[in-house]
Amino acid sequence: MLRQSIRFATAEDGVRIAYATSGSGPALVKVGTWMSHLEFDLGSPVWGHLLRWLSQRFTLLRYDQRGNGLSDWHVADLSFEAWVRDLGTVVDASGQEKVALLGLSQGAPVAIAYAVRHPERVSHLILHGGYARGRRRRGDDAAPSRSMPP
């Protein structure tokens, strides 16, 4: 099992954000997404292999988004702006001057917004499977419909 150190940082609105570090090398932050858990993700067949691979090459920083995992669950603000501020809270708490950002899915727009606002803190921006507005907001009438209710 991958060894990690879990810590907590407090966002400007008082929400405690859990973050973990593992590995060594240049700093890489995996931007938070929904349904994460710093402890359980290590053994996950979805995330475990990727987290081990990244930790062999980088100082990997991950965090549980507000409302998920080890971070505070009962929070008033679950907005996009809060997510961007939380990323900044984690970067600041890490003590790293510059970090690379890995934005997957929902983490991609958060990574982009942070990089635009703080280019001096971001060395690289890696995006995969992200979206700008989401399936239900992009105005694509030709998008395939889902069989599940909205």
# chains A, B, ... in the order shown; residues from 1 in each chain; ligands from 1
>>> residues_around(residues="range 118-131 of chain A", least_positions_apart="6", cutoff="8 Å", atoms="only C-alpha atoms", output="list in words")
Glu97, Lys98, Val99, Ala100, Leu101, Leu102, Gly103, Leu104, Ser105, Gln106, Gly107, Ala108, Pro109, Ala111 and Ile112 of chain A
>>> residues_around(residues="Arg52 in chain A", least_positions_apart="2", cutoff="10 Å", atoms="only C-alpha atoms", output="PyMOL selection string")
chain A and resi 1-3+22-23+42+47-50+54-57+60
>>> write_last_selection(atoms="N, CA and C atoms", output="PDB file, in the first residue's frame")
ATOM      1  N   MET A   1       0.845  -1.185   0.000  1.00  0.00           N
ATOM      2  CA  MET A   1       0.000   0.000   0.000  1.00  0.00           C
ATOM      3  C   MET A   1       0.884   1.239   0.000  1.00  0.00           C
ATOM      4  N   LEU A   2       0.471   2.225  -0.727  1.00  0.00           N
ATOM      5  CA  LEU A   2       1.167   3.498  -0.834  1.00  0.00           C
ATOM      6  C   LEU A   2       1.160   4.208   0.516  1.00  0.00           C
ATOM      7  N   ARG A   3       2.309   4.737   0.906  1.00  0.00           N
ATOM      8  CA  ARG A   3       2.402   5.507   2.153  1.00  0.00           C
ATOM      9  C   ARG A   3       2.090   6.966   1.851  1.00  0.00           C
ATOM     10  N   SER A  22       2.272  12.159  -0.936  1.00  0.00           N
ATOM     11  CA  SER A  22       2.969  10.884  -1.096  1.00  0.00           C
ATOM     12  C   SER A  22       4.029  11.059  -2.173  1.00  0.00           C
ATOM     13  N   GLY A  23       5.015  10.183  -2.142  1.00  0.00           N
ATOM     14  CA  GLY A  23       6.045  10.187  -3.173  1.00  0.00           C
ATOM     15  C   GLY A  23       7.073  11.283  -2.986  1.00  0.00           C
ATOM     16  N   LEU A  42      -6.714   4.848  -2.261  1.00  0.00           N
ATOM     17  CA  LEU A  42      -5.458   4.109  -2.432  1.00  0.00           C
ATOM     18  C   LEU A  42      -5.697   2.655  -2.833  1.00  0.00           C
ATOM     19  N   TRP A  47      -8.516   4.128  -8.922  1.00  0.00           N
ATOM     20  CA  TRP A  47      -7.490   5.132  -8.663  1.00  0.00           C
ATOM     21  C   TRP A  47      -6.169   4.582  -8.150  1.00  0.00           C
ATOM     22  N   GLY A  48      -6.169   3.451  -7.487  1.00  0.00           N
ATOM     23  CA  GLY A  48      -4.968   2.957  -6.812  1.00  0.00           C
ATOM     24  C   GLY A  48      -3.734   2.889  -7.689  1.00  0.00           C
ATOM     25  N   HIS A  49      -3.851   2.285  -8.858  1.00  0.00           N
ATOM     26  CA  HIS A  49      -2.683   2.126  -9.737  1.00  0.00           C
ATOM     27  C   HIS A  49      -2.148   3.474 -10.213  1.00  0.00           C
ATOM     28  N   LEU A  50      -3.042   4.420 -10.521  1.00  0.00           N
ATOM     29  CA  LEU A  50      -2.613   5.750 -10.972  1.00  0.00           C
ATOM     30  C   LEU A  50      -1.908   6.498  -9.841  1.00  0.00           C
ATOM     31  N   LEU A  54       1.919   7.806 -10.084  1.00  0.00           N
ATOM     32  CA  LEU A  54       2.243   9.222  -9.936  1.00  0.00           C
ATOM     33  C   LEU A  54       3.187   9.464  -8.752  1.00  0.00           C
ATOM     34  N   SER A  55       2.984   8.733  -7.666  1.00  0.00           N
ATOM     35  CA  SER A  55       3.823   8.900  -6.472  1.00  0.00           C
ATOM     36  C   SER A  55       5.244   8.399  -6.679  1.00  0.00           C
ATOM     37  N   GLN A  56       5.457   7.556  -7.669  1.00  0.00           N
ATOM     38  CA  GLN A  56       6.816   7.107  -7.987  1.00  0.00           C
ATOM     39  C   GLN A  56       7.597   8.180  -8.735  1.00  0.00           C
ATOM     40  N   ARG A  57       6.899   9.166  -9.272  1.00  0.00           N
ATOM     41  CA  ARG A  57       7.529  10.173 -10.116  1.00  0.00           C
ATOM     42  C   ARG A  57       7.430  11.598  -9.577  1.00  0.00           C
ATOM     43  N   LEU A  60       3.138  13.859  -4.850  1.00  0.00           N
ATOM     44  CA  LEU A  60       1.727  13.935  -5.218  1.00  0.00           C
ATOM     45  C   LEU A  60       0.920  14.515  -4.062  1.00  0.00           C
TER      46      LEU A  60
END
>>> closest_residue(among="A:Met35, A:Val15, A:Ile6, A:Ala82", to="Asn68 in chain A", atoms="only C-alpha atoms")
A:Met35
>>> select_by_dssp(residues="range 61-131 of chain A", states="strand (DSSP E or B)", output="PyMOL selection string")
chain A and resi 61-63+99-104+122-128
>>> write_last_selection(atoms="N, CA and C atoms", output="compact mmCIF listing (two decimals), in the first residue's frame")
# COMPACT_ATOMS: atom_id res chain seq x y z
N LEU A 61 0.18 15.56 -4.34
CA LEU A 61 -0.74 16.15 -3.38
C LEU A 61 -2.15 15.89 -3.89
N ARG A 62 -2.98 15.34 -3.02
CA ARG A 62 -4.39 15.11 -3.34
C ARG A 62 -5.21 15.66 -2.19
N TYR A 63 -6.44 15.99 -2.47
CA TYR A 63 -7.31 16.45 -1.39
C TYR A 63 -8.74 16.01 -1.63
N VAL A 99 3.50 24.44 -8.46
CA VAL A 99 2.99 23.08 -8.60
C VAL A 99 2.48 22.86 -10.02
N ALA A 100 2.51 21.62 -10.43
CA ALA A 100 1.80 21.23 -11.64
C ALA A 100 0.40 20.81 -11.20
N LEU A 101 -0.59 21.11 -12.03
CA LEU A 101 -1.97 20.75 -11.70
C LEU A 101 -2.46 19.67 -12.64
N LEU A 102 -3.06 18.62 -12.07
CA LEU A 102 -3.69 17.55 -12.83
C LEU A 102 -5.18 17.67 -12.63
N GLY A 103 -5.88 18.15 -13.66
CA GLY A 103 -7.32 18.34 -13.58
C GLY A 103 -8.03 17.27 -14.39
N LEU A 104 -8.69 16.35 -13.68
CA LEU A 104 -9.45 15.28 -14.32
C LEU A 104 -10.93 15.56 -14.15
N VAL A 122 1.77 28.05 -10.84
CA VAL A 122 1.51 26.84 -11.64
C VAL A 122 2.62 26.65 -12.66
N SER A 123 3.28 25.48 -12.60
CA SER A 123 4.35 25.17 -13.55
C SER A 123 3.81 24.47 -14.80
N HIS A 124 2.80 23.62 -14.63
CA HIS A 124 2.20 22.87 -15.74
C HIS A 124 0.72 22.69 -15.47
N LEU A 125 -0.04 22.55 -16.54
CA LEU A 125 -1.48 22.32 -16.45
C LEU A 125 -1.80 21.09 -17.30
N ILE A 126 -2.23 20.03 -16.64
CA ILE A 126 -2.54 18.77 -17.32
C ILE A 126 -4.03 18.53 -17.17
N LEU A 127 -4.74 18.43 -18.28
CA LEU A 127 -6.19 18.29 -18.26
C LEU A 127 -6.60 17.02 -18.99
N HIS A 128 -7.58 16.31 -18.42
CA HIS A 128 -8.07 15.09 -19.06
C HIS A 128 -9.55 14.91 -18.73
>>> select_by_dssp(residues="chain A", states="helix (DSSP H, G or I)", output="PDB file with C-alpha atoms, in the first residue's frame")
ATOM      1  CA  PHE A  40     -10.094   4.554   0.326  1.00  0.00           C
ATOM      2  CA  ASP A  41      -8.815   5.806  -3.055  1.00  0.00           C
ATOM      3  CA  LEU A  42      -5.458   4.109  -2.432  1.00  0.00           C
ATOM      4  CA  GLY A  43      -7.037   0.648  -2.614  1.00  0.00           C
ATOM      5  CA  GLY A  48      -4.968   2.957  -6.812  1.00  0.00           C
ATOM      6  CA  HIS A  49      -2.683   2.126  -9.737  1.00  0.00           C
ATOM      7  CA  LEU A  50      -2.613   5.750 -10.972  1.00  0.00           C
ATOM      8  CA  LEU A  51      -1.840   7.127  -7.507  1.00  0.00           C
ATOM      9  CA  ARG A  52       1.026   4.641  -7.070  1.00  0.00           C
ATOM     10  CA  TRP A  53       2.437   5.462 -10.517  1.00  0.00           C
ATOM     11  CA  LEU A  54       2.243   9.222  -9.936  1.00  0.00           C
ATOM     12  CA  SER A  55       3.823   8.900  -6.472  1.00  0.00           C
ATOM     13  CA  PHE A  80     -17.292  26.520  -8.126  1.00  0.00           C
ATOM     14  CA  GLU A  81     -15.633  29.554  -6.522  1.00  0.00           C
ATOM     15  CA  ALA A  82     -15.304  27.663  -3.235  1.00  0.00           C
ATOM     16  CA  TRP A  83     -13.627  24.770  -5.088  1.00  0.00           C
ATOM     17  CA  VAL A  84     -11.091  27.141  -6.655  1.00  0.00           C
ATOM     18  CA  ARG A  85     -10.376  28.727  -3.263  1.00  0.00           C
ATOM     19  CA  ASP A  86      -9.972  25.255  -1.716  1.00  0.00           C
ATOM     20  CA  LEU A  87      -7.357  24.348  -4.319  1.00  0.00           C
ATOM     21  CA  GLY A  88      -5.501  27.519  -3.342  1.00  0.00           C
ATOM     22  CA  THR A  89      -5.795  26.579   0.323  1.00  0.00           C
ATOM     23  CA  VAL A  90      -4.177  23.205  -0.361  1.00  0.00           C
ATOM     24  CA  VAL A  91      -1.406  24.676  -2.524  1.00  0.00           C
ATOM     25  CA  ASP A  92      -0.648  27.250   0.180  1.00  0.00           C
ATOM     26  CA  ALA A  93      -0.704  24.643   2.976  1.00  0.00           C
ATOM     27  CA  SER A  94       1.657  22.380   1.038  1.00  0.00           C
ATOM     28  CA  GLY A 107     -11.185  19.083 -11.635  1.00  0.00           C
ATOM     29  CA  ALA A 108     -10.265  20.448 -15.082  1.00  0.00           C
ATOM     30  CA  PRO A 109     -12.245  23.714 -14.927  1.00  0.00           C
ATOM     31  CA  VAL A 110     -11.116  24.254 -11.317  1.00  0.00           C
ATOM     32  CA  ALA A 111      -7.466  23.788 -12.372  1.00  0.00           C
ATOM     33  CA  ILE A 112      -7.901  26.189 -15.281  1.00  0.00           C
ATOM     34  CA  ALA A 113      -9.507  28.874 -13.108  1.00  0.00           C
ATOM     35  CA  TYR A 114      -6.752  28.587 -10.499  1.00  0.00           C
ATOM     36  CA  ALA A 115      -4.007  28.710 -13.161  1.00  0.00           C
ATOM     37  CA  VAL A 116      -5.530  31.824 -14.741  1.00  0.00           C
ATOM     38  CA  ARG A 117      -5.743  33.576 -11.360  1.00  0.00           C
ATOM     39  CA  PRO A 119      -0.017  31.753 -13.033  1.00  0.00           C
ATOM     40  CA  GLU A 120       3.028  32.364 -10.827  1.00  0.00           C
ATOM     41  CA  ARG A 121       2.099  29.290  -8.738  1.00  0.00           C
TER      42      ARG A 121
END
>>> atom_distance(atom1="CA of Asp64 in chain A", atom2="CA of Ala11 in chain A")
12.7 Å
>>> atom_distance(atom1="CA of His37 in chain A", atom2="CA of Ala9 in chain A")
15.7 Å
>>> closest_residue(among="A:Thr59, A:Ser24, A:Thr10, A:Gln65", to="Leu38 in chain A", atoms="only C-alpha atoms")
A:Gln65
>>> atom_distance(atom1="CA of Asp72 in chain A", atom2="CA of Asp13 in chain A")
11.6 Å
